[in-house]
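Chemist: Right, I'll just put the structure down here and ask away after.
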Amino acid sequence: MTAERVYRLLLRVYPSDFRSEYGREMTLLFRDEYRMRDATALAFWASMVWDAAHSAMSMWVDVWLARGKEYTRTFEVIMKLAGTLAVLFGAFGALNALAEAMAAMRGTLEGAPLLAIVLGVAAAALLITAGTALLRSTLSGRNTATIALVASLVIILIARLTHPWMSILSQLIGIGLPVVLLAALHWPRRHDHPSSAAA
Amino acid sequence: MAKTKRPPLTPESQLPLAPATFHILLALVGGERHGYSIMKEVTSRTEGAVRMGPGTLYGALKRLLEGGLVEEGSERADAELGDDRRRYYRLTKFGLRVARMEARRLEAMVRAARQKKLIAMEPA
């Protein structure tokens, strides 16, 4: 039946999930409607096209909203992992700075290295604060994390200036991690979950 | 970003219903029906004023199924329409409660319109 074939083509405007769930039923309904139609062929097809156009649009809106929520969930998981990573690297950084301080205590501690160690510990503590705030997953946690990350970045840059022989790994972690986390936190997102704004 | 528990659905949270949705629920009050039967019932009850196409009908049914207002019944052929097996839909208890509440809500609105003589002012 040609009309049914045309209608099956029209069904392609719907999202595939909806089509596979209801496509057969809709075709059956179309067949019944076509058989019993009390309007001219043109009026009948106009009503079918109009029905497909506006109902498909609302279906697609549902699909996009669901995708937005899915995207937000993925983002939340990534930020939790990033928070854990920040806490771990912060703890590692603090231990490393303390180990350096212990080693330095055995010798004569000059002004610049001592300042670098103090700054290193402070930056690591701020990284831990940022990580912990990210794990709280609230808007206030996000704000705290932003402040802590910016402060940590500023401190590590000062440490780098006072301690030019800072290792590449320390620079990567100390500068790279806050920059990446800040970018991830403030990158424009397609969908912001209302619960995060309300928190 | 906090993990939010989805609150349990209450009949009040479903109101107001879209006109097409309420018509579908009304059609199912009498018992389970398949898609074409729902469509015919709505058209005849509204004397042709409301005509739902397949997309509108199944889009609304999908949402009603997801909301727990309607459930799928058996799949069987309708002797009047041929041998094809059709999916039947029926109201759930929750769906019936929602339909009742919507009817009460509409009744209250009509009562208010009568008090304001809005309906009396309309030509007969």
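Residue numbering restarts at 1 for every chain of the structure tokens, chains are lettered A, B, ... in their displayed order, and ligands are numbered from 1 as they appear.
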Show me which bits of chain B are within 10 Å of chain A, counting only C-alpha atoms, as a list in words.
Modeler: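 My answer is Met1, Ala2, Lys3, Thr4, His34, Gly35, Tyr36, Ser37, Met39, Lys40, Arg51, Met52, Gly53, Pro54, Gly55, Thr56, Leu57, Tyr58, Gly59, Ala60, Leu61, Lys62, Leu81, Gly82, Asp84, Arg85, Arg86 and Arg87 of chain B.
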Chemist: Find the spatial neighbours of Glu72 of chain B, counting only C-alpha atoms, within a cut-off of 9 Å - ignore same-chain residues fewer than 2 positions away - and output them as a PDB file with C-alpha atoms, in the first residue's frame.
Modeler:
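This went into result36.pdb:
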ATOM      1  CA  GLU B  32      -8.764  -0.976  28.152  1.00  0.00           C
ATOM      2  CA  LEU B  65       3.162   5.122  30.570  1.00  0.00           C
ATOM      3  CA  VAL B  70      -1.451   4.145  32.137  1.00  0.00           C
ATOM      4  CA  SER B  74      -2.589  -7.587  26.565  1.00  0.00           C
ATOM      5  CA  GLU B  75      -1.742  -7.540  22.863  1.00  0.00           C
ATOM      6  CA  ARG B  87      -1.418  -3.125  22.004  1.00  0.00           C
ATOM      7  CA  TYR B  88      -4.120  -2.344  24.545  1.00  0.00           C
ATOM      8  CA  TYR B  89      -3.756   0.310  27.243  1.00  0.00           C
ATOM      9  CA  ARG B  90      -5.546   0.687  30.555  1.00  0.00           C
ATOM     10  CA  LEU B  91      -5.679   3.159  33.422  1.00  0.00           C
TER      11      LEU B  91
END
Chemist: Got a sec: who's within 8 Å of Leu88 of chain A, counting only C-alpha atoms, leaving out chain neighbours fewer than 4 positions off, as a JSON list (two decimals) with N, CA and C atoms, in the first residue's frame?
Modeler:
[["chain", "number", "residue", "atom", "x", "y", "z"],
["A", 84, "THR", "N", 38.95, 14.09, 43.81],
["A", 84, "THR", "CA", 39.77, 13.07, 44.46],
["A", 84, "THR", "C", 41.23, 13.24, 44.06],
["A", 92, "PHE", "N", 50.14, 14.67, 48.35],
["A", 92, "PHE", "CA", 51.47, 14.31, 47.86],
["A", 92, "PHE", "C", 52.39, 15.55, 47.90],
["A", 128, "ILE", "N", 44.14, 20.60, 48.41],
["A", 128, "ILE", "CA", 43.31, 19.65, 49.18],
["A", 128, "ILE", "C", 41.94, 20.28, 49.46]]
Chemist: Measure the distance from atom CA of Thr74 of chain A to atom CA of Leu9 of chain B in Å and round it to one decimal.
Modeler: 25.5 Å
Chemist: Just to confirm, what's the straight-line distance from atom CA of Val150 of chain A to atom CA of Leu126 of chain A in Å (one decimal)?
Modeler: 9.1 Å
Chemist: What lies within 12 Å of Ala103 of chain B using only C-alpha atoms, ignoring chain neighbours under 2 positions off, as a list in words?
Modeler: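 Once the nearby chain positions are removed, what remains is Leu15, Pro16, Leu17, Pro19, Phe22, His23, Leu25, Leu26, Leu96, Arg97, Val98, Ala99, Arg100, Met101, Arg105, Leu106, Glu107, Ala108, Met109 and Val110 of chain B.
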Chemist: One number please: atom CA of Gly31 of chain B to atom CA of Thr92 of chain B, in Å, one decimal.
Modeler: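 About the pair atom CA of Gly31 of chain B and atom CA of Thr92 of chain B: they are 10.6 Å apart.
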Chemist: For the helix (DSSP H, G or I) assignment from backbone DSSP, which residues of chain B qualify? Please present them as JSON, numbers by chain.
Modeler: {"B": [12, 13, 14, 19, 20, 21, 22, 23, 24, 25, 26, 27, 28, 29, 35, 36, 37, 38, 39, 40, 41, 42, 43, 44, 45, 54, 55, 56, 57, 58, 59, 60, 61, 62, 63, 64, 65, 66, 67, 93, 94, 95, 96, 97, 98, 99, 100, 101, 102, 103, 104, 105, 106, 107, 108, 109, 110, 111, 112, 113, 114, 115, 118, 119, 120, 121]}
Chemist: Grab the residues selected above and save them as an mmCIF file, in the first residue's frame with C-alpha atoms.
Modeler:
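Just written: out.cif:
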data_model
loop_
_atom_site.group_PDB
_atom_site.id
_atom_site.type_symbol
_atom_site.label_atom_id
_atom_site.label_comp_id
_atom_site.auth_asym_id
_atom_site.auth_seq_id
_atom_site.Cartn_x
_atom_site.Cartn_y
_atom_site.Cartn_z
ATOM 1 C CA GLU B 12 -1.258 16.865 42.417
ATOM 2 C CA SER B 13 2.172 17.011 40.754
ATOM 3 C CA GLN B 14 0.575 15.810 37.485
ATOM 4 C CA PRO B 19 -6.256 18.514 27.067
ATOM 5 C CA ALA B 20 -5.110 15.581 24.893
ATOM 6 C CA THR B 21 -3.880 13.724 27.978
ATOM 7 C CA PHE B 22 -7.162 14.210 29.827
ATOM 8 C CA HIS B 23 -9.114 13.022 26.796
ATOM 9 C CA ILE B 24 -7.026 9.842 26.652
ATOM 10 C CA LEU B 25 -7.560 9.170 30.363
ATOM 11 C CA LEU B 26 -11.305 9.758 29.939
ATOM 12 C CA ALA B 27 -11.353 7.303 27.038
ATOM 13 C CA LEU B 28 -9.671 4.666 29.206
ATOM 14 C CA VAL B 29 -12.006 5.091 32.199
ATOM 15 C CA GLY B 35 -4.820 3.293 19.958
ATOM 16 C CA TYR B 36 -7.422 3.521 17.219
ATOM 17 C CA SER B 37 -10.219 2.845 19.678
ATOM 18 C CA ILE B 38 -8.969 5.677 21.933
ATOM 19 C CA MET B 39 -8.809 7.997 18.941
ATOM 20 C CA LYS B 40 -12.350 7.102 17.812
ATOM 21 C CA GLU B 41 -13.721 7.507 21.329
ATOM 22 C CA VAL B 42 -12.188 10.965 21.723
ATOM 23 C CA THR B 43 -13.434 12.110 18.307
ATOM 24 C CA SER B 44 -16.983 10.874 18.894
ATOM 25 C CA ARG B 45 -17.199 12.197 22.500
ATOM 26 C CA PRO B 54 -1.036 9.002 15.605
ATOM 27 C CA GLY B 55 1.951 11.089 16.729
ATOM 28 C CA THR B 56 -0.016 13.123 19.262
ATOM 29 C CA LEU B 57 -1.751 10.017 20.601
ATOM 30 C CA TYR B 58 1.320 7.822 21.005
ATOM 31 C CA GLY B 59 3.442 10.728 22.264
ATOM 32 C CA ALA B 60 0.883 11.316 25.015
ATOM 33 C CA LEU B 61 0.575 7.567 25.713
ATOM 34 C CA LYS B 62 4.350 7.284 26.052
ATOM 35 C CA ARG B 63 4.373 10.045 28.692
ATOM 36 C CA LEU B 64 1.404 8.509 30.483
ATOM 37 C CA LEU B 65 3.162 5.122 30.570
ATOM 38 C CA GLU B 66 6.354 6.722 31.903
ATOM 39 C CA GLY B 67 4.364 8.631 34.539
ATOM 40 C CA LYS B 93 -5.157 3.303 40.021
ATOM 41 C CA PHE B 94 -2.814 6.288 40.079
ATOM 42 C CA GLY B 95 -4.036 7.380 36.637
ATOM 43 C CA LEU B 96 -7.651 7.140 37.815
ATOM 44 C CA ARG B 97 -6.863 9.333 40.835
ATOM 45 C CA VAL B 98 -5.176 11.903 38.591
ATOM 46 C CA ALA B 99 -8.135 11.897 36.177
ATOM 47 C CA ARG B 100 -10.554 12.387 39.109
ATOM 48 C CA MET B 101 -8.517 15.283 40.487
ATOM 49 C CA GLU B 102 -8.320 16.928 37.068
ATOM 50 C CA ALA B 103 -12.093 16.553 36.643
ATOM 51 C CA ARG B 104 -12.620 18.195 40.056
ATOM 52 C CA ARG B 105 -10.225 20.985 39.136
ATOM 53 C CA LEU B 106 -12.072 21.654 35.881
ATOM 54 C CA GLU B 107 -15.416 21.465 37.686
ATOM 55 C CA ALA B 108 -14.265 24.122 40.163
ATOM 56 C CA MET B 109 -13.174 26.353 37.293
ATOM 57 C CA VAL B 110 -16.519 25.968 35.531
ATOM 58 C CA ARG B 111 -18.305 26.728 38.831
ATOM 59 C CA ALA B 112 -16.236 29.899 39.192
ATOM 60 C CA ALA B 113 -17.025 30.871 35.599
ATOM 61 C CA ARG B 114 -20.755 30.368 36.291
ATOM 62 C CA GLN B 115 -20.583 32.532 39.399
ATOM 63 C CA LEU B 118 -19.230 33.967 32.084
ATOM 64 C CA ILE B 119 -21.106 30.939 30.841
ATOM 65 C CA ALA B 120 -24.509 32.646 31.028
ATOM 66 C CA MET B 121 -23.129 35.482 28.934
#
